[in-house]
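So this block is work-v7.tsv, TSV, C-alpha atoms and all ligand atoms:
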chain	number	residue	atom	x	y	z
A	12	MET	CA	218.96	101.88	109.46
A	13	SER	CA	215.92	102.83	107.41
A	14	GLU	CA	213.01	104.77	108.85
A	15	ILE	CA	209.52	103.31	108.59
A	16	PHE	CA	207.24	104.97	106.03
A	17	PRO	CA	204.57	106.96	107.91
A	18	ASP	CA	201.11	105.50	107.32
A	19	PRO	CA	199.41	107.94	104.89
A	20	ILE	CA	196.01	106.96	106.25
A	21	ASN	CA	194.15	108.63	109.05
A	22	PRO	CA	190.50	107.49	108.86
A	23	ALA	CA	189.55	109.95	111.61
A	24	GLU	CA	190.53	112.76	109.22
A	25	TYR	CA	188.70	111.37	106.20
A	26	ASP	CA	185.38	113.21	106.61
A	27	THR	CA	187.10	116.52	107.26
A	28	GLN	CA	189.29	116.13	104.18
A	29	LEU	CA	186.28	115.18	102.06
A	30	ALA	CA	184.43	118.28	103.30
A	31	GLU	CA	187.46	120.42	102.38
A	32	LYS	CA	187.50	119.00	98.86
A	33	LYS	CA	183.77	119.63	98.57
A	34	ALA	CA	184.25	123.24	99.70
A	35	ARG	CA	187.09	123.70	97.22
A	36	LEU	CA	184.98	122.50	94.28
A	37	ASN	CA	181.97	124.56	95.33
A	38	SER	CA	184.08	127.68	95.55
A	39	LEU	CA	186.04	127.07	92.31
A	40	PHE	CA	182.94	126.41	90.21
A	41	ALA	CA	180.50	128.83	91.88
A	42	GLU	CA	180.72	131.24	88.92
A	43	PHE	CA	179.07	128.60	86.69
A	44	ALA	CA	176.06	128.27	89.03
A	45	PRO	CA	176.10	124.46	89.12
A	46	PRO	CA	173.41	122.44	90.90
A	47	ALA	CA	174.16	120.91	94.33
A	48	LEU	CA	177.35	118.85	94.36
A	49	GLU	CA	176.76	115.07	94.49
A	50	VAL	CA	179.50	113.62	96.70
A	51	HIS	CA	180.68	110.04	96.18
A	52	ASP	CA	183.06	109.00	98.93
A	53	SER	CA	185.68	106.27	99.08
A	54	ALA	CA	186.44	103.49	101.51
A	55	VAL	CA	188.76	104.97	104.15
A	56	SER	CA	191.46	102.32	103.62
A	57	HIS	CA	192.59	99.58	101.20
A	58	TYR	CA	190.93	101.27	98.22
A	59	ARG	CA	193.81	101.46	95.77
A	60	LEU	CA	194.17	98.61	93.30
A	61	ARG	CA	197.66	99.32	92.06
A	62	ALA	CA	200.92	100.22	93.75
A	63	GLU	CA	204.57	100.46	92.83
A	64	PHE	CA	207.60	100.46	95.09
A	65	ARG	CA	211.32	100.82	94.77
A	66	LEU	CA	213.14	97.86	96.22
A	67	TRP	CA	215.91	99.05	98.51
A	68	HIS	CA	218.88	96.81	99.26
A	69	GLU	CA	220.88	96.93	102.50
A	70	GLY	CA	223.38	94.09	102.29
A	71	ASP	CA	221.37	90.87	101.91
A	72	ARG	CA	218.22	92.48	103.21
A	73	CYS	CA	215.86	94.36	100.96
A	74	PHE	CA	212.60	96.21	101.54
A	75	TYR	CA	209.88	98.15	99.72
A	76	ALA	CA	210.81	101.78	99.73
A	77	MET	CA	209.20	105.15	99.19
A	78	PHE	CA	210.85	108.52	99.15
A	79	GLU	CA	210.26	111.94	100.56
A	80	PRO	CA	209.02	114.14	97.73
A	81	GLY	CA	212.07	115.74	96.13
A	82	ASN	CA	214.59	113.60	98.04
A	83	ARG	CA	215.47	110.38	96.20
A	84	LYS	CA	218.28	109.65	98.67
A	85	LYS	CA	216.15	109.13	101.75
A	86	ALA	CA	214.32	105.80	101.47
A	87	TYR	CA	211.53	104.98	103.93
A	88	GLU	CA	210.74	101.32	104.52
A	89	VAL	CA	207.15	100.40	103.64
A	90	ARG	CA	205.91	97.49	105.76
A	91	GLU	CA	202.16	98.03	105.51
A	92	PHE	CA	200.52	100.02	102.75
A	93	ASN	CA	197.02	100.64	104.01
A	94	ILE	CA	195.86	102.62	101.02
A	95	ALA	CA	196.42	99.56	98.81
A	96	SER	CA	194.07	96.61	98.45
A	97	PRO	CA	194.25	93.75	100.96
A	98	LEU	CA	195.58	91.53	98.14
A	99	ILE	CA	198.47	93.93	97.44
A	100	ASN	CA	199.39	93.88	101.14
A	101	GLU	CA	199.24	90.10	101.23
A	102	LEU	CA	201.37	89.75	98.07
A	103	MET	CA	203.88	92.36	99.29
A	104	HIS	CA	204.69	90.20	102.31
A	105	LYS	CA	204.75	86.88	100.47
A	106	LEU	CA	206.90	88.24	97.65
A	107	LEU	CA	209.41	89.85	99.99
A	108	ALA	CA	209.83	86.63	101.98
A	109	GLU	CA	210.32	84.69	98.75
A	110	ILE	CA	212.90	86.97	97.21
A	111	HIS	CA	214.94	86.89	100.40
A	112	THR	CA	215.43	83.18	99.78
A	113	SER	CA	216.68	83.65	96.19
A	114	GLU	CA	219.79	85.62	95.34
A	115	LEU	CA	218.96	85.25	91.62
A	116	LEU	CA	215.52	86.83	91.95
A	117	ARG	CA	216.69	89.50	94.38
A	118	ARG	CA	219.90	90.70	92.75
A	119	ARG	CA	219.52	93.98	90.83
A	120	LEU	CA	215.75	93.97	91.35
A	121	PHE	CA	214.94	97.67	91.80
A	122	GLN	CA	211.20	98.07	91.36
A	123	VAL	CA	208.08	96.01	92.06
A	124	GLU	CA	204.60	96.81	90.75
A	125	PHE	CA	201.32	95.25	91.80
A	126	LEU	CA	198.06	95.43	89.86
A	127	THR	CA	195.00	93.90	91.52
A	128	THR	CA	191.24	93.84	90.96
A	129	LEU	CA	188.14	93.94	93.14
A	130	ASN	CA	187.36	90.34	92.21
A	131	GLY	CA	190.72	88.98	93.40
A	132	ASP	CA	192.94	88.89	90.31
A	133	ALA	CA	196.53	90.16	90.46
A	134	LEU	CA	199.68	90.68	88.42
A	135	ILE	CA	203.19	91.32	89.70
A	136	THR	CA	205.91	93.05	87.68
A	137	LEU	CA	209.55	92.73	88.74
A	138	ILE	CA	211.86	95.29	87.18
A	139	TYR	CA	215.63	94.69	87.06
A	140	HIS	CA	218.92	96.33	86.22
A	141	LYS	CA	220.18	93.11	84.62
A	142	LYS	CA	219.45	90.88	81.64
A	143	LEU	CA	216.82	88.26	82.43
A	144	ASP	CA	218.13	84.85	81.36
A	145	ASP	CA	216.82	81.27	81.40
A	146	ALA	CA	218.01	80.73	84.97
A	147	TRP	CA	216.02	83.76	86.14
A	148	GLU	CA	212.99	82.59	84.21
A	149	GLY	CA	213.15	79.13	85.80
A	150	GLU	CA	213.16	80.55	89.32
A	151	ALA	CA	210.54	83.15	88.48
A	152	ARG	CA	208.23	80.42	87.18
A	153	GLU	CA	208.56	78.52	90.46
A	154	LEU	CA	207.86	81.72	92.37
A	155	GLN	CA	204.79	82.37	90.20
A	156	GLU	CA	203.56	78.88	91.02
A	157	ARG	CA	203.95	79.44	94.75
A	158	LEU	CA	202.33	82.91	94.73
A	159	GLY	CA	199.47	81.78	92.52
A	160	PHE	CA	199.54	84.93	90.38
A	161	PRO	CA	201.27	85.79	87.09
A	162	ILE	CA	204.68	87.46	87.06
A	163	ILE	CA	206.23	89.70	84.43
A	164	GLY	CA	209.95	90.38	84.40
A	165	ARG	CA	211.20	93.61	82.93
A	166	SER	CA	214.63	94.91	82.18
A	167	ARG	CA	216.09	97.29	79.59
A	168	LYS	CA	214.51	96.32	76.24
A	169	GLN	CA	213.17	93.11	77.81
A	170	LYS	CA	209.67	92.09	78.83
A	171	VAL	CA	209.32	88.47	79.92
A	172	VAL	CA	205.67	87.51	80.29
A	173	LEU	CA	205.53	84.18	82.11
A	174	GLU	CA	201.79	83.66	81.82
A	175	ARG	CA	199.84	86.82	80.89
A	176	ASP	CA	200.29	90.58	81.00
A	177	TYR	CA	196.83	91.54	82.16
A	178	VAL	CA	194.25	91.12	84.91
A	179	THR	CA	190.53	90.68	84.40
A	180	GLU	CA	188.36	92.93	86.54
A	181	VAL	CA	184.63	92.50	87.03
A	182	LEU	CA	182.85	95.74	87.93
A	183	LYS	CA	179.36	95.72	89.40
A	184	VAL	CA	177.31	98.66	88.18
A	185	ASP	CA	173.57	99.10	88.77
A	186	GLY	CA	173.18	95.39	89.49
A	187	LYS	CA	175.00	94.37	86.29
A	188	GLU	CA	178.47	92.93	85.85
A	189	PHE	CA	180.98	94.18	83.28
A	190	SER	CA	184.25	92.41	82.58
A	191	TYR	CA	187.38	94.45	81.85
A	192	ARG	CA	190.80	93.36	80.72
A	193	GLN	CA	193.36	95.69	82.27
A	194	ILE	CA	196.77	95.41	80.68
A	195	GLU	CA	200.01	96.01	82.58
A	196	GLY	CA	201.10	99.59	81.91
A	197	GLY	CA	197.74	100.70	80.49
A	198	PHE	CA	195.65	103.34	82.25
A	199	THR	CA	193.07	102.08	84.76
A	200	GLN	CA	191.10	103.95	87.39
A	201	PRO	CA	193.01	103.20	90.63
A	202	ASN	CA	190.05	103.14	93.04
A	203	GLY	CA	187.77	100.34	91.87
A	204	GLU	CA	184.85	100.98	94.23
A	205	VAL	CA	184.76	104.66	93.31
A	206	ASN	CA	185.07	103.74	89.64
A	207	GLN	CA	181.88	101.70	89.98
A	208	LYS	CA	180.15	104.78	91.41
A	209	MET	CA	181.41	106.91	88.51
A	210	LEU	CA	180.12	104.44	85.95
A	211	SER	CA	176.72	104.30	87.61
A	212	TRP	CA	176.58	108.11	87.70
A	213	ALA	CA	177.55	108.42	84.02
A	214	ARG	CA	174.88	105.84	83.09
A	215	SER	CA	172.25	107.78	85.02
A	216	ALA	CA	173.33	110.99	83.25
A	217	SER	CA	172.66	109.25	79.90
A	218	GLU	CA	169.12	108.20	80.74
A	219	GLY	CA	166.44	109.25	78.25
A	220	ILE	CA	168.73	111.05	75.77
A	221	GLY	CA	168.79	108.39	73.06
A	222	GLY	CA	170.73	108.71	69.80
A	223	ASP	CA	174.45	107.99	69.67
A	224	LEU	CA	177.38	108.64	72.01
A	225	VAL	CA	180.84	109.78	71.00
A	226	GLU	CA	183.68	109.37	73.49
A	227	LEU	CA	187.20	110.78	73.52
A	228	TYR	CA	190.01	109.39	75.76
A	229	CYS	CA	188.20	106.09	76.33
A	230	GLY	CA	191.14	104.04	77.74
A	231	ASN	CA	190.21	100.36	77.85
A	232	GLY	CA	186.53	101.21	77.28
A	233	ASN	CA	185.83	101.73	80.99
A	234	PHE	CA	182.90	104.08	80.35
A	235	SER	CA	181.83	103.04	76.85
A	236	VAL	CA	181.44	99.36	77.76
A	237	ALA	CA	179.18	100.21	80.72
A	238	MET	CA	177.25	102.88	78.80
A	239	ALA	CA	176.75	101.23	75.41
A	240	GLU	CA	173.28	99.89	76.27
A	241	LYS	CA	172.08	103.43	77.01
A	242	PHE	CA	172.64	104.55	73.39
A	243	ASP	CA	171.83	103.31	69.90
A	244	ARG	CA	175.50	103.30	68.93
A	245	VAL	CA	178.78	104.38	70.51
A	246	LEU	CA	182.01	105.45	68.82
A	247	ALA	CA	185.03	105.93	71.09
A	248	THR	CA	188.70	106.73	70.58
A	249	GLU	CA	191.91	106.53	72.54
A	250	ILE	CA	195.58	107.16	71.72
A	251	SER	CA	197.22	104.23	73.55
A	252	LYS	CA	197.60	101.01	71.56
A	253	THR	CA	197.73	98.95	74.76
A	254	SER	CA	194.42	100.38	75.96
A	255	VAL	CA	192.74	100.02	72.56
A	256	ASN	CA	193.81	96.36	72.42
A	257	ALA	CA	192.26	95.82	75.85
A	258	ALA	CA	189.13	97.67	74.72
A	259	GLN	CA	188.63	95.30	71.77
A	260	VAL	CA	188.75	92.33	74.17
A	261	ASN	CA	186.28	94.10	76.47
A	262	ILE	CA	183.81	94.71	73.63
A	263	ALA	CA	183.92	91.00	72.77
A	264	ASP	CA	183.86	89.69	76.36
A	265	ASN	CA	180.83	91.82	77.23
A	266	LYS	CA	179.12	90.84	73.95
A	267	ILE	CA	178.54	94.45	72.94
A	268	ASP	CA	177.50	94.93	69.32
A	269	ASN	CA	176.92	98.70	69.11
A	270	LEU	CA	180.35	99.96	70.19
A	271	ILE	CA	183.39	100.72	68.01
A	272	ILE	CA	186.69	101.79	69.55
A	273	ALA	CA	189.44	103.15	67.30
A	274	ARG	CA	193.00	104.18	68.01
A	275	LEU	CA	193.16	107.90	67.32
A	276	SER	CA	194.39	110.86	69.30
A	277	SER	CA	191.71	113.35	70.26
A	278	GLU	CA	193.30	115.83	67.85
A	279	GLU	CA	193.05	113.31	64.97
A	280	PHE	CA	189.52	112.33	65.91
A	281	VAL	CA	188.37	115.95	65.87
A	282	GLN	CA	189.81	116.28	62.36
A	283	ALA	CA	188.01	113.10	61.29
A	284	LEU	CA	184.68	114.22	62.78
A	285	ARG	CA	184.94	117.51	60.92
A	286	GLY	CA	185.69	115.67	57.69
A	287	GLU	CA	189.09	117.38	57.42
A	288	ARG	CA	191.10	114.14	57.27
A	289	LYS	CA	190.48	110.48	56.52
A	290	PHE	CA	192.07	107.71	58.59
A	291	THR	CA	192.49	104.07	57.62
A	292	ARG	CA	191.92	103.29	61.32
A	293	LEU	CA	188.32	104.49	60.76
A	294	GLU	CA	187.83	102.47	57.58
A	295	GLY	CA	184.29	101.11	57.34
A	296	VAL	CA	183.00	103.68	59.86
A	297	ASP	CA	180.56	106.12	58.25
A	298	LEU	CA	180.86	109.11	60.56
A	299	THR	CA	178.01	110.92	58.79
A	300	SER	CA	175.57	108.11	59.66
A	301	TYR	CA	175.82	108.78	63.41
A	302	ASP	CA	173.29	110.81	65.39
A	303	PHE	CA	175.67	112.05	68.07
A	304	ARG	CA	173.61	113.72	70.79
A	305	THR	CA	176.07	113.16	73.62
A	306	VAL	CA	179.83	113.40	74.03
A	307	LEU	CA	181.79	111.92	76.93
A	308	VAL	CA	185.30	113.15	77.64
A	309	ASP	CA	187.71	111.94	80.33
A	310	PRO	CA	190.98	113.67	79.39
A	311	PRO	CA	194.37	113.52	81.15
A	312	ARG	CA	195.27	116.21	83.71
A	313	ALA	CA	195.97	118.79	80.97
A	314	GLY	CA	192.24	118.84	80.12
A	315	LEU	CA	190.85	119.47	76.64
A	316	ASP	CA	192.89	121.31	74.03
A	317	ASP	CA	191.21	124.26	72.27
A	318	GLU	CA	190.06	122.27	69.25
A	319	SER	CA	188.59	119.50	71.43
A	320	VAL	CA	186.73	122.14	73.46
A	321	LYS	CA	185.22	123.53	70.24
A	322	GLN	CA	184.29	120.03	69.08
A	323	THR	CA	182.79	119.14	72.47
A	324	ALA	CA	180.69	122.33	72.46
A	325	GLY	CA	179.10	121.09	69.22
A	326	TYR	CA	177.05	118.40	71.03
A	327	ASP	CA	173.83	118.99	72.94
A	328	ASN	CA	174.86	116.88	75.94
A	329	ILE	CA	178.34	116.76	77.44
A	330	ILE	CA	179.52	114.37	80.14
A	331	TYR	CA	182.91	115.59	81.34
A	332	ILE	CA	184.94	113.48	83.79
A	333	SER	CA	188.01	115.31	85.06
A	334	CYS	CA	190.99	114.47	87.26
A	335	ASN	CA	192.08	118.11	87.47
A	336	PRO	CA	189.63	120.78	88.69
A	337	ASP	CA	191.84	123.61	87.38
A	338	THR	CA	191.84	122.47	83.74
A	339	LEU	CA	188.15	121.57	84.06
A	340	HIS	CA	187.52	125.10	85.23
A	341	ALA	CA	189.43	126.53	82.23
A	342	ASN	CA	187.44	124.32	79.80
A	343	LEU	CA	184.11	125.22	81.46
A	344	THR	CA	184.84	128.89	80.97
A	345	GLU	CA	184.33	128.15	77.25
A	346	LEU	CA	181.73	125.38	77.44
A	347	CYS	CA	179.42	127.34	79.75
A	348	LYS	CA	179.02	130.01	77.06
A	349	THR	CA	176.79	127.56	75.17
A	350	HIS	CA	175.84	125.00	77.84
A	351	ASP	CA	174.49	124.91	81.40
A	352	ILE	CA	175.73	122.56	84.10
A	353	VAL	CA	172.87	120.24	85.04
A	354	ARG	CA	174.80	117.73	87.19
A	355	PHE	CA	177.89	118.28	89.29
A	356	ALA	CA	179.62	115.45	91.15
A	357	MET	CA	182.76	114.69	93.07
A	358	PHE	CA	184.28	111.20	93.18
A	359	ASP	CA	186.90	110.69	95.88
A	360	GLN	CA	189.27	108.53	93.81
A	361	PHE	CA	192.30	109.70	95.78
A	362	PRO	CA	191.65	109.95	99.56
A	363	TYR	CA	194.28	111.65	101.75
A	364	THR	CA	195.65	113.56	98.74
A	365	HIS	CA	194.60	116.91	97.31
A	366	HIS	CA	193.54	115.25	94.03
A	367	ILE	CA	189.86	115.48	93.10
A	368	GLU	CA	187.91	113.65	90.41
A	369	THR	CA	184.94	115.67	89.17
A	370	GLY	CA	182.00	114.84	86.93
A	371	VAL	CA	179.96	117.47	85.16
A	372	VAL	CA	176.96	117.07	82.85
A	373	LEU	CA	176.18	119.99	80.56
A	374	LYS	CA	173.17	120.63	78.35
A	375	ARG	CA	172.97	123.13	75.52
A	376	LYS	CA	171.28	126.37	76.59
A	377	ALA	CA	167.86	126.87	75.02
A	378	THR	CA	169.19	130.06	73.41
A	379	ALA	CA	172.51	128.67	72.09
A	401	LIG	C1	192.13	109.86	82.56
A	401	LIG	S1	192.43	108.57	81.42
A	401	LIG	C2	190.80	107.99	81.15
A	401	LIG	C3	190.67	106.64	80.51
A	401	LIG	C4	189.28	106.01	80.59
A	401	LIG	N1	188.22	106.95	80.35
A	401	LIG	C5	189.06	105.30	81.91
A	401	LIG	O1	188.11	105.65	82.63
A	401	LIG	O2	189.82	104.37	82.23
A	401	LIG	C6	192.85	109.47	80.01
A	401	LIG	C7	193.14	108.66	78.76
A	401	LIG	O3	193.48	109.57	77.71
A	401	LIG	C8	194.44	108.97	76.88
A	401	LIG	N2	195.09	110.07	76.14
A	401	LIG	C9	196.07	110.90	76.56
A	401	LIG	N3	196.33	111.82	75.61
A	401	LIG	C10	195.49	111.58	74.57
A	401	LIG	C11	195.27	112.20	73.31
A	401	LIG	N4	195.99	113.24	72.93
A	401	LIG	N5	194.31	111.68	72.52
A	401	LIG	C12	193.57	110.61	72.90
A	401	LIG	N6	193.74	109.97	74.09
A	401	LIG	C13	194.69	110.46	74.91
A	401	LIG	C14	195.33	108.20	77.83
A	401	LIG	O4	196.00	107.16	77.15
A	401	LIG	C15	194.30	107.68	78.85
A	401	LIG	O5	193.84	106.40	78.49
Here is a file; write its structure as structure tokens.
Ligand SMILES: C[S@@+](CC[C@H](N)C(=O)[O-])C[C@H]1O[C@@H](n2cnc3c(N)ncnc32)[C@H](O)[C@@H]1O
Amino acid sequence: MSEIFPDPINPAEYDTQLAEKKARLNSLFAEFAPPALEVHDSAVSHYRLRAEFRLWHEGDRCFYAMFEPGNRKKAYEVREFNIASPLINELMHKLLAEIHTSELLRRRLFQVEFLTTLNGDALITLIYHKKLDDAWEGEARELQERLGFPIIGRSRKQKVVLERDYVTEVLKVDGKEFSYRQIEGGFTQPNGEVNQKMLSWARSASEGIGGDLVELYCGNGNFSVAMAEKFDRVLATEISKTSVNAAQVNIADNKIDNLIIARLSSEEFVQALRGERKFTRLEGVDLTSYDFRTVLVDPPRAGLDDESVKQTAGYDNIIYISCNPDTLHANLTELCKTHDIVRFAMFDQFPYTHHIETGVVLKRKATA
């Protein structure tokens, strides 16, 4: 018999945990003398827009499973997942009931992923240890019809897209709406409501600067799409092809005409900006014509590499979004030699975990 997965949510603890995160950031960054921390909280439940589960089989019965950290043998049964969106919870139940009625859909299914949006779109990915044939596709199409949301089947070297491989999110920021294609497997901010707060904050940090914005690690254009109207022109780069493809759709769908997004790693982009290398992926882009006054970086957990830190320090205004306070701290040790922190914010993207999303705005010191 499986044990039930303990509910990771305890709303009564939320405020205390938020205060602990706030204290941790204030203590870690005190040496940089930042201004007062702006705290952006999360909903206390149903805030996460994506979730993935192992599917555990016990005879003919199967269930969503999660594991104890470090122990892949002990599967807990997940019946409710209160950190995930209401739509994920609804689809979890419907899908499980459906696959119990179909041996073909259930057999060798080992993972299920849900991607949902604030505006009610969803995508379900079923991942198998078997080849997906026409018979599977027939039943999966009927299931898709009954669930009312697109299904993707995956297996080794196989990706069967029955309708589409993306969702379309609409984010509301400062009274405006921005549409975002989010492709299965591409990076997206997991907490949509908090993401809206981050975008609003980044827009407010851009007010009155003018000139052009350069962005590294732009994903599907999450920030650049919402910030483009605050600058004359924006040039952004990202390494993932999937995300860059989504970004091109997002530029078109939001009718933005001053934003270019190119597929380059941050290392390559730094070389291009310094004129050390030319890239066909930047053909037609005259880097010398830009008046970059602001840089926005939102790197992965590893933070900025040394060359990207040097490049970032070359701009008067820096907006740094970070999912890892420790690497942010290491990067600020360098950046604060030439810049002062003028805004300091915490976004609680990941309640009930120790993870903290931080935003910092830096301005070049008058003497630097
Ligand atoms: C934390 S995510 C931020 C994405 C985006 N700003 C957003 O809000 O959705 C970091 C992004 O950096 C990209 N990335 C990782 N390593 C990179 C590199 N070396 N050069 C450029 N982009 C990279 C990832 O693909 C991912 O999209």
Between chain A and ligand LIG 401 (chain A), at 6 Å or less, what are the per-residue closest atom pairs and their distances in Å? Count all atoms listed in the file, order by chain and rising residue number, and return it as a Markdown table.
| residue | atom | partner | partner_atom | distance |
| --- | --- | --- | --- | --- |
| A:Phe198 | CA | A:LIG401 | O5 | 5.2 |
| A:Thr199 | CA | A:LIG401 | O2 | 4.7 |
| A:Gln200 | CA | A:LIG401 | O2 | 5.3 |
| A:Tyr228 | CA | A:LIG401 | O3 | 4.0 |
| A:Cys229 | CA | A:LIG401 | N1 | 4.1 |
| A:Gly230 | CA | A:LIG401 | O5 | 3.7 |
| A:Asn231 | CA | A:LIG401 | O2 | 6.0 |
| A:Asn233 | CA | A:LIG401 | O1 | 4.8 |
| A:Phe234 | CA | A:LIG401 | O1 | 5.9 |
| A:Glu249 | CA | A:LIG401 | N6 | 4.2 |
| A:Ile250 | CA | A:LIG401 | N6 | 4.1 |
| A:Ser251 | CA | A:LIG401 | O4 | 4.8 |
| A:Ser276 | CA | A:LIG401 | N5 | 3.3 |
| A:Ser277 | CA | A:LIG401 | N5 | 3.8 |
| A:Asp309 | CA | A:LIG401 | N1 | 5.0 |
| A:Pro310 | CA | A:LIG401 | C6 | 4.6 |
| A:Pro311 | CA | A:LIG401 | C6 | 4.5 |
Within 12 Å of Phe290 of chain A using all atoms listed in the file, minus same-chain residues under 2 positions, as a PDB file with C-alpha atoms, in the coordinates of the input:
ATOM      1  CA  ALA A 273     189.440 103.150  67.300  1.00  0.00           C
ATOM      2  CA  ARG A 274     193.000 104.180  68.010  1.00  0.00           C
ATOM      3  CA  LEU A 275     193.160 107.900  67.320  1.00  0.00           C
ATOM      4  CA  SER A 276     194.390 110.860  69.300  1.00  0.00           C
ATOM      5  CA  GLU A 279     193.050 113.310  64.970  1.00  0.00           C
ATOM      6  CA  PHE A 280     189.520 112.330  65.910  1.00  0.00           C
ATOM      7  CA  VAL A 281     188.370 115.950  65.870  1.00  0.00           C
ATOM      8  CA  GLN A 282     189.810 116.280  62.360  1.00  0.00           C
ATOM      9  CA  ALA A 283     188.010 113.100  61.290  1.00  0.00           C
ATOM     10  CA  LEU A 284     184.680 114.220  62.780  1.00  0.00           C
ATOM     11  CA  GLY A 286     185.690 115.670  57.690  1.00  0.00           C
ATOM     12  CA  GLU A 287     189.090 117.380  57.420  1.00  0.00           C
ATOM     13  CA  ARG A 288     191.100 114.140  57.270  1.00  0.00           C
ATOM     14  CA  ARG A 292     191.920 103.290  61.320  1.00  0.00           C
ATOM     15  CA  LEU A 293     188.320 104.490  60.760  1.00  0.00           C
ATOM     16  CA  GLU A 294     187.830 102.470  57.580  1.00  0.00           C
ATOM     17  CA  GLY A 295     184.290 101.110  57.340  1.00  0.00           C
ATOM     18  CA  VAL A 296     183.000 103.680  59.860  1.00  0.00           C
ATOM     19  CA  ASP A 297     180.560 106.120  58.250  1.00  0.00           C
ATOM     20  CA  LEU A 298     180.860 109.110  60.560  1.00  0.00           C
TER      21      LEU A 298
END
- prompt: If you count all atoms listed in the file, which residues fall within 6 Å of segment 329-336 of chain A, apart from same-chain ones fewer than 5 positions away, as an MDAnalysis selection string?
  reply: chainID A and resid 305:309 312 368:373
Find the residues of segment 157-182 of chain A that sit at most 8 Å from segment 126-150 of chain A; for each, write down the nearest two atoms and how far apart they are in Å, to one decimal. Count all atoms listed in the file. Sort by chain, then by number going up, and give it as CSV.
residue,atom,partner,partner_atom,distance
A:Phe160,CA,A:Ala133,CA,6.0
A:Pro161,CA,A:Leu134,CA,5.3
A:Ile162,CA,A:Ile135,CA,4.9
A:Ile163,CA,A:Thr136,CA,4.7
A:Gly164,CA,A:Leu137,CA,5.0
A:Arg165,CA,A:Ile138,CA,4.6
A:Ser166,CA,A:Tyr139,CA,5.0
A:Arg167,CA,A:His140,CA,7.3
A:Gln169,CA,A:Leu143,CA,7.6
A:Val171,CA,A:Leu143,CA,7.9
A:Leu173,CA,A:Glu148,CA,7.9
A:Asp176,CA,A:Leu134,CA,7.4
A:Tyr177,CA,A:Leu134,CA,6.9
A:Val178,CA,A:Asp132,CA,6.0
A:Thr179,CA,A:Asp132,CA,6.6
A:Glu180,CA,A:Thr128,CA,5.4
A:Val181,CA,A:Asn130,CA,6.2
A:Leu182,CA,A:Leu129,CA,7.6
message: Give me, as a ChimeraX atom specification, all polymer residues having an atom no more than 8 Å from segment 263-269 of chain A, counting all atoms listed in the file and skipping those fewer than 6 positions away in the same chain.
response: /A:189-190,236,239,243-245
query: Nearest to Thr248 of chain A among A:Glu79, A:Asp52, A:Glu124, A:Glu226, with distances taken over only C-alpha atoms: which residue is it?
result: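 Smallest distance to Thr248 of chain A is found for A:Glu226.
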Skipping near chain neighbours, those fewer than 2 positions away, what residues fall within 7 Å of segment 61-66 of chain A using only C-alpha atoms, listed as a PDB file with C-alpha atoms, in the frame of the given file?
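Here's the written file out-v6.pdb:
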ATOM      1  CA  ARG A  59     193.810 101.460  95.770  1.00  0.00           C
ATOM      2  CA  HIS A  68     218.880  96.810  99.260  1.00  0.00           C
ATOM      3  CA  CYS A  73     215.860  94.360 100.960  1.00  0.00           C
ATOM      4  CA  PHE A  74     212.600  96.210 101.540  1.00  0.00           C
ATOM      5  CA  TYR A  75     209.880  98.150  99.720  1.00  0.00           C
ATOM      6  CA  ALA A  76     210.810 101.780  99.730  1.00  0.00           C
ATOM      7  CA  MET A  77     209.200 105.150  99.190  1.00  0.00           C
ATOM      8  CA  ALA A  95     196.420  99.560  98.810  1.00  0.00           C
ATOM      9  CA  LEU A 120     215.750  93.970  91.350  1.00  0.00           C
ATOM     10  CA  PHE A 121     214.940  97.670  91.800  1.00  0.00           C
ATOM     11  CA  GLN A 122     211.200  98.070  91.360  1.00  0.00           C
ATOM     12  CA  VAL A 123     208.080  96.010  92.060  1.00  0.00           C
ATOM     13  CA  GLU A 124     204.600  96.810  90.750  1.00  0.00           C
ATOM     14  CA  PHE A 125     201.320  95.250  91.800  1.00  0.00           C
ATOM     15  CA  LEU A 126     198.060  95.430  89.860  1.00  0.00           C
ATOM     16  CA  THR A 127     195.000  93.900  91.520  1.00  0.00           C
ATOM     17  CA  PRO A 201     193.010 103.200  90.630  1.00  0.00           C
TER      18      PRO A 201
END
- prompt: In Å, how far is it from atom CA of His350 of chain A to atom CA of Arg375 of chain A?
  reply: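 A separation of 4.1 Å between them.
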- request: Excluding Tyr58 of chain A and any residue of its chain fewer than 6 positions from it, enumerate the residues within 6 Å of it, using all atoms listed in the file, and give them as a VMD selection string.
  value: chain A and resid 94 to 96 202
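Candidate residues A:Thr344, A:Lys187, A:Gly197, A:Asn328 were compared for distance to Gly221 of chain A, and the nearest is A:Asn328, using only C-alpha atoms.
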Separation of atom CA of Phe355 of chain A from atom CA of Glu188 of chain A, in Å and rounded to one decimal: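 That distance, rounded to one decimal, is 25.6 Å.
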query: What separation in Å, quoted to one decimal, exists between atom CA of Pro22 of chain A and atom CA of Ser56 of chain A?
result: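 Going from atom CA of Pro22 of chain A over to atom CA of Ser56 of chain A, I get 7.4 Å.
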message: Which residue is closest to Lys105 of chain A? Choose from A:Ala213, A:Arg90, A:Ile20, A:Gly70 and count all atoms listed in the file.
response: A:Arg90
message: If we draw a sphere of 9 Å around (170.8, 128.4, 78.9), which residues have at least one atom in it when counting all atoms listed in the file? Please report them as number ranges by chain.
response: A: 347-351, 374-379
task: Counting only C-alpha atoms, figure out which residue out of A:Arg152, A:Arg354, A:His57, A:Arg157 gets nearest to Val172 of chain A.
output: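 Nearest candidate to Val172 of chain A out of A:Arg152, A:Arg354, A:His57, A:Arg157: A:Arg152.
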message: Show me the residues around (216.4, 89.2, 99.5) - criterion: an atom at most 6 Å away, only C-alpha atoms counted - as a PyMOL selection string.
response: chain A and resi 71-73+110-111+117
